[in-house]
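Source file: my_file_14.tsv (TSV, C-alpha atoms and all ligand atoms)
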chain	number	residue	atom	x	y	z
A	180	MET	CA	-123.72	-52.88	-29.96
A	181	SER	CA	-120.92	-54.73	-28.21
A	182	ILE	CA	-118.50	-57.26	-29.64
A	183	ARG	CA	-118.75	-60.64	-27.88
A	184	SER	CA	-117.01	-62.76	-30.47
A	185	VAL	CA	-114.46	-62.00	-33.17
A	186	ALA	CA	-113.50	-64.22	-36.11
A	187	ILE	CA	-110.06	-63.78	-37.65
A	188	ILE	CA	-109.44	-64.87	-41.24
A	189	GLY	CA	-105.71	-65.30	-41.99
A	190	LEU	CA	-103.65	-66.43	-38.99
A	191	GLY	CA	-100.28	-64.80	-39.70
A	192	LEU	CA	-98.55	-61.89	-37.94
A	193	LEU	CA	-101.59	-59.60	-37.81
A	194	GLY	CA	-104.29	-62.23	-37.30
A	195	GLY	CA	-102.27	-64.05	-34.64
A	196	SER	CA	-101.45	-60.82	-32.81
A	197	ILE	CA	-105.14	-59.83	-32.71
A	198	GLY	CA	-106.03	-63.26	-31.26
A	199	LEU	CA	-103.34	-63.00	-28.58
A	200	ALA	CA	-104.15	-59.35	-27.79
A	201	VAL	CA	-107.88	-60.10	-27.37
A	202	GLN	CA	-107.14	-63.04	-25.07
A	203	ALA	CA	-104.74	-60.91	-23.00
A	204	ARG	CA	-106.67	-57.61	-22.85
A	205	ALA	CA	-110.34	-58.42	-23.56
A	206	PRO	CA	-110.79	-62.04	-22.43
A	207	ASP	CA	-114.61	-61.75	-22.47
A	208	ILE	CA	-114.50	-61.62	-26.28
A	209	ALA	CA	-114.40	-65.11	-27.84
A	210	THR	CA	-111.74	-65.61	-30.56
A	211	LYS	CA	-112.31	-67.88	-33.55
A	212	GLY	CA	-110.04	-68.26	-36.57
A	213	TRP	CA	-109.46	-69.80	-39.96
A	214	ASP	CA	-106.60	-69.75	-42.49
A	215	ARG	CA	-106.65	-71.35	-45.93
A	216	ASP	CA	-103.40	-73.21	-45.19
A	217	PRO	CA	-103.98	-76.35	-43.04
A	218	SER	CA	-100.42	-76.21	-41.68
A	219	VAL	CA	-100.96	-72.59	-40.56
A	220	ARG	CA	-104.25	-73.64	-38.88
A	221	GLU	CA	-102.40	-76.40	-37.03
A	222	ARG	CA	-99.55	-74.12	-35.90
A	223	ALA	CA	-101.99	-71.37	-34.90
A	224	ALA	CA	-104.00	-73.81	-32.77
A	225	ALA	CA	-100.81	-75.21	-31.20
A	226	ARG	CA	-99.68	-71.67	-30.21
A	227	GLY	CA	-103.14	-70.87	-28.83
A	228	LEU	CA	-103.53	-67.83	-31.11
A	229	MET	CA	-107.33	-68.27	-31.01
A	230	GLY	CA	-109.81	-69.78	-28.60
A	231	HIS	CA	-110.74	-72.10	-31.47
A	232	VAL	CA	-109.36	-72.65	-34.97
A	233	TYR	CA	-111.94	-73.98	-37.46
A	234	ASP	CA	-111.49	-76.04	-40.63
A	235	THR	CA	-113.86	-73.95	-42.76
A	236	PRO	CA	-114.41	-70.19	-43.13
A	237	GLU	CA	-118.18	-70.59	-42.67
A	238	ASP	CA	-117.74	-72.28	-39.28
A	239	ALA	CA	-115.21	-69.68	-38.14
A	240	VAL	CA	-117.49	-66.71	-38.83
A	241	ALA	CA	-120.82	-68.26	-37.76
A	242	GLU	CA	-122.34	-66.06	-35.02
A	243	ALA	CA	-119.29	-63.76	-34.90
A	244	ASP	CA	-120.16	-60.12	-34.17
A	245	LEU	CA	-116.97	-58.94	-35.85
A	246	VAL	CA	-114.97	-60.60	-38.63
A	247	ILE	CA	-111.48	-59.25	-39.40
A	248	LEU	CA	-109.77	-60.23	-42.64
A	249	CYS	CA	-106.00	-60.47	-42.01
A	250	VAL	CA	-104.84	-61.67	-45.43
A	251	PRO	CA	-102.66	-59.91	-48.05
A	252	VAL	CA	-104.58	-57.04	-49.68
A	253	GLY	CA	-104.71	-58.85	-53.02
A	254	ALA	CA	-106.54	-61.76	-51.33
A	255	MET	CA	-109.22	-59.66	-49.56
A	256	GLY	CA	-111.89	-60.27	-52.26
A	257	ASP	CA	-111.33	-64.06	-52.17
A	258	ALA	CA	-111.41	-64.15	-48.36
A	259	ALA	CA	-114.61	-62.05	-48.31
A	260	ARG	CA	-116.31	-64.41	-50.79
A	261	ALA	CA	-115.23	-67.40	-48.68
A	262	ILE	CA	-116.87	-66.06	-45.49
A	263	ALA	CA	-120.02	-64.64	-47.13
A	264	PRO	CA	-122.21	-67.77	-46.79
A	265	GLY	CA	-121.50	-68.11	-43.04
A	266	LEU	CA	-121.86	-64.48	-41.88
A	267	ALA	CA	-124.43	-63.61	-39.20
A	268	PRO	CA	-126.85	-60.90	-40.44
A	269	HIS	CA	-125.62	-58.41	-37.81
A	270	ALA	CA	-121.89	-59.07	-38.36
A	271	ILE	CA	-119.42	-56.24	-38.97
A	272	VAL	CA	-116.70	-57.13	-41.47
A	273	SER	CA	-113.38	-55.30	-41.20
A	274	ASP	CA	-109.78	-55.90	-42.26
A	275	VAL	CA	-106.20	-54.87	-41.47
A	276	GLY	CA	-104.92	-54.27	-45.01
A	277	SER	CA	-102.14	-51.74	-45.58
A	278	SER	CA	-103.93	-50.00	-48.46
A	279	LYS	CA	-107.52	-48.92	-48.05
A	280	ALA	CA	-109.36	-47.57	-51.15
A	281	ALA	CA	-108.81	-50.76	-53.21
A	282	VAL	CA	-109.68	-53.02	-50.27
A	283	ALA	CA	-112.86	-51.05	-49.52
A	284	GLU	CA	-113.90	-51.52	-53.14
A	285	ALA	CA	-113.12	-55.26	-53.15
A	286	LEU	CA	-115.00	-55.87	-49.88
A	287	ALA	CA	-118.05	-53.83	-50.92
A	288	ALA	CA	-118.24	-55.78	-54.20
A	289	ALA	CA	-117.87	-59.18	-52.49
A	290	LEU	CA	-120.24	-58.47	-49.59
A	291	PRO	CA	-123.29	-56.53	-50.81
A	292	GLY	CA	-125.63	-55.54	-47.96
A	293	VAL	CA	-123.03	-56.33	-45.26
A	294	THR	CA	-121.70	-53.71	-42.79
A	295	VAL	CA	-118.12	-53.32	-44.02
A	296	ILE	CA	-115.73	-50.96	-42.17
A	297	PRO	CA	-112.12	-51.19	-43.38
A	298	ALA	CA	-109.27	-50.44	-40.97
A	299	HIS	CA	-105.47	-50.46	-40.81
A	300	PRO	CA	-103.54	-50.93	-37.56
A	301	VAL	CA	-100.26	-49.12	-38.21
A	302	ALA	CA	-98.25	-51.73	-36.37
A	303	GLY	CA	-96.16	-54.58	-37.67
A	304	THR	CA	-92.75	-56.17	-38.04
A	305	GLU	CA	-90.77	-57.63	-40.92
A	306	GLN	CA	-91.80	-61.15	-39.85
A	307	SER	CA	-94.82	-63.13	-40.98
A	308	GLY	CA	-96.68	-66.36	-40.28
A	309	PRO	CA	-98.39	-67.80	-37.18
A	310	GLU	CA	-95.16	-67.83	-35.14
A	311	ALA	CA	-94.66	-64.07	-35.62
A	312	GLY	CA	-97.63	-62.68	-33.67
A	313	PHE	CA	-97.46	-61.20	-30.16
A	314	ALA	CA	-100.07	-59.71	-27.82
A	315	SER	CA	-98.55	-56.24	-27.42
A	316	LEU	CA	-98.21	-55.47	-31.15
A	317	PHE	CA	-100.94	-52.82	-31.09
A	318	ALA	CA	-100.21	-51.18	-27.72
A	319	GLY	CA	-99.67	-47.44	-28.18
A	320	ARG	CA	-99.91	-47.74	-31.98
A	321	TRP	CA	-102.46	-46.03	-34.23
A	322	CYS	CA	-105.32	-47.89	-35.84
A	323	ILE	CA	-106.75	-45.93	-38.78
A	324	ILE	CA	-110.41	-46.70	-39.52
A	325	THR	CA	-111.70	-45.68	-42.96
A	326	PRO	CA	-115.51	-45.95	-42.77
A	327	PRO	CA	-117.53	-45.73	-45.98
A	328	GLU	CA	-120.04	-42.93	-46.39
A	329	GLY	CA	-123.30	-43.52	-44.51
A	330	VAL	CA	-121.73	-46.07	-42.15
A	331	ASP	CA	-123.80	-47.36	-39.20
A	332	SER	CA	-122.51	-45.18	-36.34
A	333	GLN	CA	-123.05	-47.90	-33.70
A	334	ALA	CA	-121.00	-50.37	-35.73
A	335	LEU	CA	-118.24	-47.78	-36.14
A	336	GLU	CA	-118.22	-47.13	-32.40
A	337	ALA	CA	-118.07	-50.87	-31.66
A	338	LEU	CA	-115.07	-51.33	-34.01
A	339	SER	CA	-113.35	-48.28	-32.55
A	340	ASP	CA	-113.90	-49.61	-28.99
A	341	PHE	CA	-112.53	-52.99	-30.04
A	342	TRP	CA	-109.21	-51.49	-31.20
A	343	THR	CA	-109.02	-49.26	-28.13
A	344	GLN	CA	-109.35	-52.35	-25.94
A	345	LEU	CA	-106.32	-53.84	-27.72
A	346	GLY	CA	-104.30	-50.76	-26.66
A	347	SER	CA	-104.49	-48.86	-29.97
A	348	LYS	CA	-105.16	-45.18	-30.49
A	349	VAL	CA	-107.91	-44.80	-33.09
A	350	GLU	CA	-108.08	-42.27	-35.92
A	351	ILE	CA	-110.90	-41.98	-38.45
A	352	MET	CA	-109.82	-41.05	-41.97
A	353	ASP	CA	-111.01	-41.04	-45.56
A	354	ALA	CA	-109.59	-44.07	-47.47
A	355	ALA	CA	-107.96	-41.97	-50.21
A	356	HIS	CA	-106.22	-39.75	-47.65
A	357	HIS	CA	-105.06	-42.84	-45.73
A	358	ASP	CA	-103.47	-44.16	-48.93
A	359	LEU	CA	-101.59	-40.89	-49.53
A	360	VAL	CA	-100.33	-40.64	-45.93
A	361	LEU	CA	-99.21	-44.28	-45.83
A	362	ALA	CA	-97.53	-43.95	-49.23
A	363	VAL	CA	-95.13	-41.44	-47.59
A	364	THR	CA	-94.73	-43.00	-44.16
A	365	SER	CA	-94.60	-46.67	-45.10
A	366	HIS	CA	-94.85	-47.63	-48.75
A	367	ILE	CA	-92.09	-45.38	-50.22
A	368	PRO	CA	-89.68	-46.20	-47.33
A	369	HIS	CA	-90.19	-49.90	-48.11
A	370	LEU	CA	-89.59	-49.27	-51.82
A	371	ILE	CA	-86.37	-47.40	-51.01
A	372	ALA	CA	-85.19	-50.23	-48.74
A	373	TYR	CA	-85.95	-52.86	-51.38
A	374	THR	CA	-84.05	-50.73	-53.93
A	375	ILE	CA	-80.94	-50.01	-51.87
A	376	VAL	CA	-80.60	-53.63	-50.75
A	377	GLY	CA	-81.18	-54.83	-54.32
A	378	THR	CA	-78.63	-52.33	-55.71
A	379	ALA	CA	-75.99	-53.35	-53.16
A	380	SER	CA	-76.41	-57.01	-53.99
A	381	ASP	CA	-76.02	-56.32	-57.74
A	382	LEU	CA	-72.77	-54.30	-57.50
A	383	GLU	CA	-69.75	-55.62	-59.31
A	384	ASP	CA	-66.87	-53.58	-57.86
A	385	VAL	CA	-67.94	-54.06	-54.20
A	386	THR	CA	-68.35	-57.71	-53.20
A	387	GLN	CA	-71.46	-59.03	-51.46
A	388	SER	CA	-69.35	-60.21	-48.54
A	389	GLU	CA	-68.06	-56.62	-48.09
A	390	VAL	CA	-71.64	-55.30	-48.13
A	391	ILE	CA	-72.60	-57.72	-45.37
A	392	LYS	CA	-69.37	-57.28	-43.38
A	393	TYR	CA	-69.65	-53.47	-43.21
A	394	SER	CA	-73.46	-53.33	-43.01
A	395	ALA	CA	-73.45	-51.50	-39.64
A	396	GLY	CA	-72.63	-48.31	-41.60
A	397	GLY	CA	-76.37	-47.92	-42.31
A	398	PHE	CA	-77.16	-50.70	-44.76
A	399	ARG	CA	-78.34	-53.19	-42.11
A	400	ASP	CA	-81.22	-50.90	-41.03
A	401	PHE	CA	-82.52	-51.06	-44.60
A	402	THR	CA	-82.16	-54.85	-44.64
A	403	ARG	CA	-84.70	-55.17	-41.81
A	404	ILE	CA	-87.37	-53.39	-43.87
A	405	ALA	CA	-86.30	-55.15	-47.08
A	406	ALA	CA	-86.85	-58.52	-45.35
A	407	SER	CA	-90.62	-57.83	-45.19
A	408	ASP	CA	-93.05	-60.31	-46.72
A	409	PRO	CA	-92.82	-60.27	-50.56
A	410	VAL	CA	-96.49	-61.19	-51.16
A	411	MET	CA	-97.79	-58.53	-48.79
A	412	TRP	CA	-95.61	-55.81	-50.30
A	413	ARG	CA	-96.21	-56.80	-53.92
A	414	ASP	CA	-99.94	-56.40	-53.20
A	415	VAL	CA	-99.50	-53.06	-51.41
A	416	PHE	CA	-97.75	-51.52	-54.44
A	417	LEU	CA	-100.28	-52.96	-56.87
A	418	THR	CA	-103.29	-51.71	-54.89
A	419	ASN	CA	-101.93	-48.30	-53.81
A	420	ARG	CA	-100.45	-47.57	-57.22
A	421	GLN	CA	-101.76	-44.01	-57.68
A	422	ALA	CA	-100.67	-42.58	-54.32
A	423	VAL	CA	-97.30	-44.36	-54.46
A	424	LEU	CA	-96.56	-43.03	-57.96
A	425	GLU	CA	-97.57	-39.50	-56.90
A	426	MET	CA	-95.23	-39.58	-53.88
A	427	LEU	CA	-92.48	-41.29	-55.85
A	428	GLY	CA	-92.53	-38.39	-58.35
A	429	ARG	CA	-92.03	-35.94	-55.50
A	430	PHE	CA	-89.28	-38.08	-53.95
A	431	THR	CA	-87.42	-38.36	-57.26
A	432	GLU	CA	-87.42	-34.54	-57.61
A	433	ASP	CA	-85.97	-34.15	-54.11
A	434	LEU	CA	-83.34	-36.80	-54.82
A	435	THR	CA	-82.33	-34.98	-58.00
A	436	ALA	CA	-81.96	-31.75	-56.00
A	437	LEU	CA	-79.64	-33.53	-53.56
A	438	GLN	CA	-77.65	-34.99	-56.44
A	439	ARG	CA	-77.19	-31.45	-57.77
A	440	ALA	CA	-76.11	-30.17	-54.33
A	441	ILE	CA	-73.50	-32.92	-53.99
A	442	ARG	CA	-72.19	-32.39	-57.52
A	443	SER	CA	-71.84	-28.62	-57.06
A	444	GLY	CA	-70.40	-28.87	-53.53
A	445	ASP	CA	-73.42	-27.08	-52.02
A	446	GLY	CA	-72.86	-28.01	-48.37
A	447	ASP	CA	-75.49	-25.58	-47.05
A	448	THR	CA	-78.32	-27.44	-48.82
A	449	LEU	CA	-77.13	-30.75	-47.41
A	450	PHE	CA	-76.65	-29.33	-43.91
A	451	ASP	CA	-80.10	-27.67	-43.87
A	452	LEU	CA	-81.87	-30.86	-44.94
A	453	PHE	CA	-80.00	-33.06	-42.47
A	454	THR	CA	-80.86	-30.61	-39.67
A	455	ARG	CA	-84.58	-30.72	-40.53
A	456	THR	CA	-84.62	-34.53	-40.67
A	457	ARG	CA	-82.99	-34.78	-37.23
A	458	ALA	CA	-85.94	-32.79	-35.82
A	459	ILE	CA	-88.38	-35.30	-37.35
A	460	ARG	CA	-86.58	-38.17	-35.58
A	461	ARG	CA	-86.90	-36.25	-32.29
A	462	ALA	CA	-90.65	-35.80	-32.86
A	463	VAL	CA	-91.10	-39.54	-33.61
A	464	ILE	CA	-89.45	-40.37	-30.26
A	465	GLU	CA	-91.34	-37.67	-28.34
A	466	GLN	CA	-94.66	-39.08	-29.62
A	467	GLY	CA	-93.72	-42.56	-28.35
A	468	GLN	CA	-93.43	-44.08	-31.84
A	469	ASP	CA	-89.85	-45.36	-31.30
A	470	ASP	CA	-87.16	-46.14	-28.76
A	471	GLU	CA	-84.97	-43.17	-27.77
A	472	ARG	CA	-81.89	-45.29	-27.08
A	473	PRO	CA	-79.11	-44.75	-29.62
A	474	ASP	CA	-78.96	-47.23	-32.53
A	475	PHE	CA	-82.47	-48.55	-31.69
A	476	GLY	CA	-81.18	-49.83	-28.32
A	477	ARG	CA	-78.82	-52.41	-29.80
A	478	GLY	CA	-76.46	-53.83	-27.16
A	479	HIS	CA	-73.02	-53.29	-28.82
A	480	GLY	CA	-71.62	-56.18	-26.81
A	481	GLU	CA	-71.51	-54.54	-23.38
B	501	LIG	P1	-98.95	-63.09	-42.95
B	501	LIG	O1	-98.20	-63.21	-41.67
B	501	LIG	O2	-98.30	-63.59	-44.21
B	501	LIG	O3	-100.38	-63.77	-42.78
B	501	LIG	C1	-101.33	-63.82	-43.79
B	501	LIG	C2	-102.03	-65.19	-43.74
B	501	LIG	O4	-103.19	-65.15	-44.57
B	501	LIG	C3	-101.15	-66.33	-44.27
B	501	LIG	O5	-101.20	-67.43	-43.40
B	501	LIG	C4	-101.80	-66.63	-45.62
B	501	LIG	O6	-101.66	-67.99	-46.03
B	501	LIG	C5	-103.25	-66.36	-45.31
B	501	LIG	N1	-104.07	-66.18	-46.50
B	501	LIG	C6	-103.71	-65.71	-47.72
B	501	LIG	N2	-104.77	-65.68	-48.54
B	501	LIG	C7	-105.83	-66.16	-47.83
B	501	LIG	C8	-107.19	-66.36	-48.13
B	501	LIG	N3	-107.71	-66.04	-49.33
B	501	LIG	N4	-107.99	-66.87	-47.15
B	501	LIG	C9	-107.48	-67.18	-45.93
B	501	LIG	N5	-106.20	-67.02	-45.59
B	501	LIG	C10	-105.38	-66.51	-46.53
B	501	LIG	O7	-99.31	-61.55	-43.26
B	501	LIG	P2	-99.49	-60.33	-42.22
B	501	LIG	O8	-98.19	-59.63	-42.04
B	501	LIG	O9	-100.26	-60.80	-41.04
B	501	LIG	O10	-100.38	-59.36	-43.13
B	501	LIG	C11	-101.78	-59.53	-43.23
B	501	LIG	C12	-102.41	-58.22	-43.64
B	501	LIG	O11	-102.05	-57.22	-42.68
B	501	LIG	C13	-101.98	-57.67	-45.00
B	501	LIG	O12	-103.10	-57.18	-45.68
B	501	LIG	C14	-101.05	-56.53	-44.66
B	501	LIG	O13	-101.11	-55.51	-45.65
B	501	LIG	C15	-101.60	-56.07	-43.32
B	501	LIG	N6	-100.64	-55.42	-42.42
B	501	LIG	C16	-99.39	-55.96	-42.27
B	501	LIG	C17	-98.49	-55.35	-41.42
B	501	LIG	C18	-97.10	-55.92	-41.25
B	501	LIG	O14	-96.20	-55.22	-40.77
B	501	LIG	N7	-96.86	-57.16	-41.59
B	501	LIG	C19	-98.86	-54.20	-40.68
B	501	LIG	C20	-100.15	-53.72	-40.82
B	501	LIG	C21	-101.04	-54.33	-41.70
B	501	LIG	P3	-100.56	-68.34	-47.18
B	501	LIG	O15	-99.25	-68.21	-46.51
B	501	LIG	O16	-100.95	-69.74	-47.57
B	501	LIG	O17	-100.73	-67.37	-48.30
Reformat the file's structure so that it appears as structure tokens.
Amino acid sequence: MSIRSVAIIGLGLLGGSIGLAVQARAPDIATKGWDRDPSVRERAAARGLMGHVYDTPEDAVAEADLVILCVPVGAMGDAARAIAPGLAPHAIVSDVGSSKAAVAEALAAALPGVTVIPAHPVAGTEQSGPEAGFASLFAGRWCIITPPEGVDSQALEALSDFWTQLGSKVEIMDAAHHDLVLAVTSHIPHLIAYTIVGTASDLEDVTQSEVIKYSAGGFRDFTRIAASDPVMWRDVFLTNRQAVLEMLGRFTEDLTALQRAIRSGDGDTLFDLFTRTRAIRRAVIEQGQDDERPDFGRGHGE
């Protein structure tokens, strides 16, 4: 089957970027959208994020071959129930949620008998809302598809082709494994950023103005991640609880080992770890997942 029209539910960073990317890279596919917030619908239409923005979820999904839910993971069940009455019988329903096992469960419960194939484009920024989206968000980034057992292979191929057309590289993975991998690569790093920025702002013997003034020492890179959408991230930690707690246990052990090394003056342990982590940064750059310019390519006033 081929996708001729896609309906996007939730017109923020992810939803808006999909609309713009489809219009730029696959203009034969019609784009339709809906968001529960009338002001978001208005701003999305004004920015041309979709070919057409509708006032009801039923109208947005009517006759769509593919429907992608781009709402916070805690809202997936509600969004699925809102579109259910308008879905075409052949429609594929997917999503972009950052955790997968809980979303798969919520969508299957809300949409019995519907072809549901959850997915997660591993691409984003710390910004949100209809002004945040851009067409190249997915170019060169991975999209992880987590099909349920017994999935319709033609539907899976159509969804995979869709993401490839937007410039993504596609990987198929089991939902539970996705949740473990993303706990390490995304969810724990966000938790650490939220913690360090929170700790710095609560200190008593270092003033907040000093923290901000000297932030280039490392702190400011955490502030970018810690500025991410609070609703989205609250939902990620609540829905990927098990994998996050498992990885957090491991992280806490490693942190305790470092604490011990610092206390006992064990420079070799510190040096060995810092050497290994440098190699990981090199691999991230070599695989095209980040900019190789020093300090993320910041200008430094020249
Ligand atoms: P966003 O910019 O905040 O957009 C989400 C939009 O969905 C908002 O306009 C929100 O409206 C709307 N919404 C909430 N509940 C709804 C419902 N029940 N029905 C219809 N619309 C609803 O968020 P985002 O960054 O695009 O994230 C969307 C999804 O993508 C999340 O599941 C997230 O885990 C995933 N994701 C995010 C990133 C990232 O870096 N941001 C990366 C990959 C995947 P209100 O403002 O009124 O709530």
Requested in this report: Find the residues around range 190-199 of chain A up to 7 Å (all atoms listed in the file counted), leave out those fewer than 2 positions away in its own chain, and share them as an NGL selection string.
Outcome: :A and (187-188 or 201-203 or 210 or 213-214 or 219 or 223 or 228-229 or 249 or 307-309 or 311-314 or 316)
Any residue with an atom at most 9 Å from ligand LIG 501 (chain B) counts, using all atoms listed in the file. Which are they? Put them as a CSV table (one decimal) with C-alpha atoms, in the coordinates of the input.
chain,number,residue,atom,x,y,z
A,188,ILE,CA,-109.4,-64.9,-41.2
A,189,GLY,CA,-105.7,-65.3,-42.0
A,190,LEU,CA,-103.6,-66.4,-39.0
A,191,GLY,CA,-100.3,-64.8,-39.7
A,192,LEU,CA,-98.6,-61.9,-37.9
A,193,LEU,CA,-101.6,-59.6,-37.8
A,194,GLY,CA,-104.3,-62.2,-37.3
A,195,GLY,CA,-102.3,-64.0,-34.6
A,196,SER,CA,-101.4,-60.8,-32.8
A,213,TRP,CA,-109.5,-69.8,-40.0
A,214,ASP,CA,-106.6,-69.8,-42.5
A,215,ARG,CA,-106.6,-71.4,-45.9
A,216,ASP,CA,-103.4,-73.2,-45.2
A,217,PRO,CA,-104.0,-76.4,-43.0
A,218,SER,CA,-100.4,-76.2,-41.7
A,219,VAL,CA,-101.0,-72.6,-40.6
A,220,ARG,CA,-104.2,-73.6,-38.9
A,236,PRO,CA,-114.4,-70.2,-43.1
A,248,LEU,CA,-109.8,-60.2,-42.6
A,249,CYS,CA,-106.0,-60.5,-42.0
A,250,VAL,CA,-104.8,-61.7,-45.4
A,251,PRO,CA,-102.7,-59.9,-48.0
A,252,VAL,CA,-104.6,-57.0,-49.7
A,253,GLY,CA,-104.7,-58.8,-53.0
A,254,ALA,CA,-106.5,-61.8,-51.3
A,255,MET,CA,-109.2,-59.7,-49.6
A,256,GLY,CA,-111.9,-60.3,-52.3
A,257,ASP,CA,-111.3,-64.1,-52.2
A,258,ALA,CA,-111.4,-64.2,-48.4
A,259,ALA,CA,-114.6,-62.0,-48.3
A,260,ARG,CA,-116.3,-64.4,-50.8
A,261,ALA,CA,-115.2,-67.4,-48.7
A,274,ASP,CA,-109.8,-55.9,-42.3
A,275,VAL,CA,-106.2,-54.9,-41.5
A,276,GLY,CA,-104.9,-54.3,-45.0
A,277,SER,CA,-102.1,-51.7,-45.6
A,278,SER,CA,-103.9,-50.0,-48.5
A,299,HIS,CA,-105.5,-50.5,-40.8
A,300,PRO,CA,-103.5,-50.9,-37.6
A,301,VAL,CA,-100.3,-49.1,-38.2
A,302,ALA,CA,-98.2,-51.7,-36.4
A,303,GLY,CA,-96.2,-54.6,-37.7
A,304,THR,CA,-92.8,-56.2,-38.0
A,305,GLU,CA,-90.8,-57.6,-40.9
A,306,GLN,CA,-91.8,-61.2,-39.8
A,307,SER,CA,-94.8,-63.1,-41.0
A,308,GLY,CA,-96.7,-66.4,-40.3
A,309,PRO,CA,-98.4,-67.8,-37.2
A,310,GLU,CA,-95.2,-67.8,-35.1
A,311,ALA,CA,-94.7,-64.1,-35.6
A,312,GLY,CA,-97.6,-62.7,-33.7
A,407,SER,CA,-90.6,-57.8,-45.2
A,408,ASP,CA,-93.0,-60.3,-46.7
A,410,VAL,CA,-96.5,-61.2,-51.2
A,411,MET,CA,-97.8,-58.5,-48.8
A,412,TRP,CA,-95.6,-55.8,-50.3
A,414,ASP,CA,-99.9,-56.4,-53.2
A,415,VAL,CA,-99.5,-53.1,-51.4
Query raised in the report: For Val282 in chain A, which residue among A:Pro326, A:Arg320, A:Ala200, A:Ala334 is the nearest when counting all atoms listed in the file?
Result: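 Checking each candidate against Val282 in chain A, we get A:Pro326 as the closest.
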Once you count all atoms listed in the file, what closest atom pair and distance in Å to one decimal does each residue of range 317-349 of chain A within 10 Å of range 356-370 of chain A have, with rows by chain and rising residue number, as JSON lines?
{"residue": "A:Ile323", "atom": "CA", "partner": "A:His357", "partner_atom": "CA", "distance": 7.8}
{"residue": "A:Ile324", "atom": "CA", "partner": "A:His357", "partner_atom": "CA", "distance": 9.1}
{"residue": "A:Thr325", "atom": "CA", "partner": "A:His357", "partner_atom": "CA", "distance": 7.7}
Once 8 Å is added on each side, what are the centre and the three edge lengths, in Å to one decimal, of the axis-aligned box enclosing the listed atoms of range 322-341 of chain A? Present them as AutoDock Vina command-line options.
--center_x -114.6 --center_y -48.0 --center_z -37.7 --size_x 34.5 --size_y 26.1 --size_z 33.4
**Report entry** Selected residue, from A:Ala372, A:Val232, A:Ala243, A:Met426, that lies nearest to Val185 in chain A when counting only C-alpha atoms
**Finding:** A:Ala243
**Report entry** Pick from A:Ala241, A:Ala205, A:Ala224, A:Met180 nearest to Gln344 in chain A, counting only C-alpha atoms
**Finding:** A:Ala205
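Taking all atoms listed in the file into account, Ser181 in chain A lies nearest to A:Leu335 out of the set A:Leu335, A:Leu424, A:Ile375, A:Ala298.
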Report task. Report the distance between CA of Leu245 in chain A and CA of Arg183 in chain A in Å, rounded to one decimal place. Result -> 8.3 Å
Query raised in the report: So which one's closest to Gly265 in chain A, A:His231, A:Ala337, A:Ala186, A:Val349? Using only C-alpha atoms, please.
Result: A:Ala186
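Near Asp244 in chain A, within a cut-off of 7 Å and counting only C-alpha atoms, sit the residues Ile182, Arg183, Ser184, Val185, His269, Ala270 and Ile271 of chain A, with same-chain residues fewer than 3 positions away left out.
We find CA of Ala280 in chain A and CA of Asp340 in chain A to be spaced 22.7 Å apart.
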Query raised in the report: In Å, with one decimal, what is the gap from CA of Leu290 in chain A to CA of Ala263 in chain A?
Result: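 One can read the CA of Leu290 in chain A to CA of Ala263 in chain A distance as 6.6 Å.
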Query raised in the report: Which residue, A:Leu417, A:Ser339, A:Gly230, A:Glu465, has the smallest gap to Asp207 in chain A when you use only C-alpha atoms?
Result: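 Closest residue, counting only C-alpha atoms: A:Gly230.
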Report task. Would you kindly identify which residues have an atom no farther than 9 Å from (-77.7, -49.4, -35.5), using all atoms listed in the file and the file's own coordinates, and write them out as a list of chain:residue names? Result ->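 Within 9 Å of (-77.7, -49.4, -35.5), the protein and nucleic acid residues are A:Ala395, A:Gly396, A:Gly397, A:Arg399, A:Asp400, A:Pro473, A:Asp474, A:Phe475, A:Gly476, A:Arg477.
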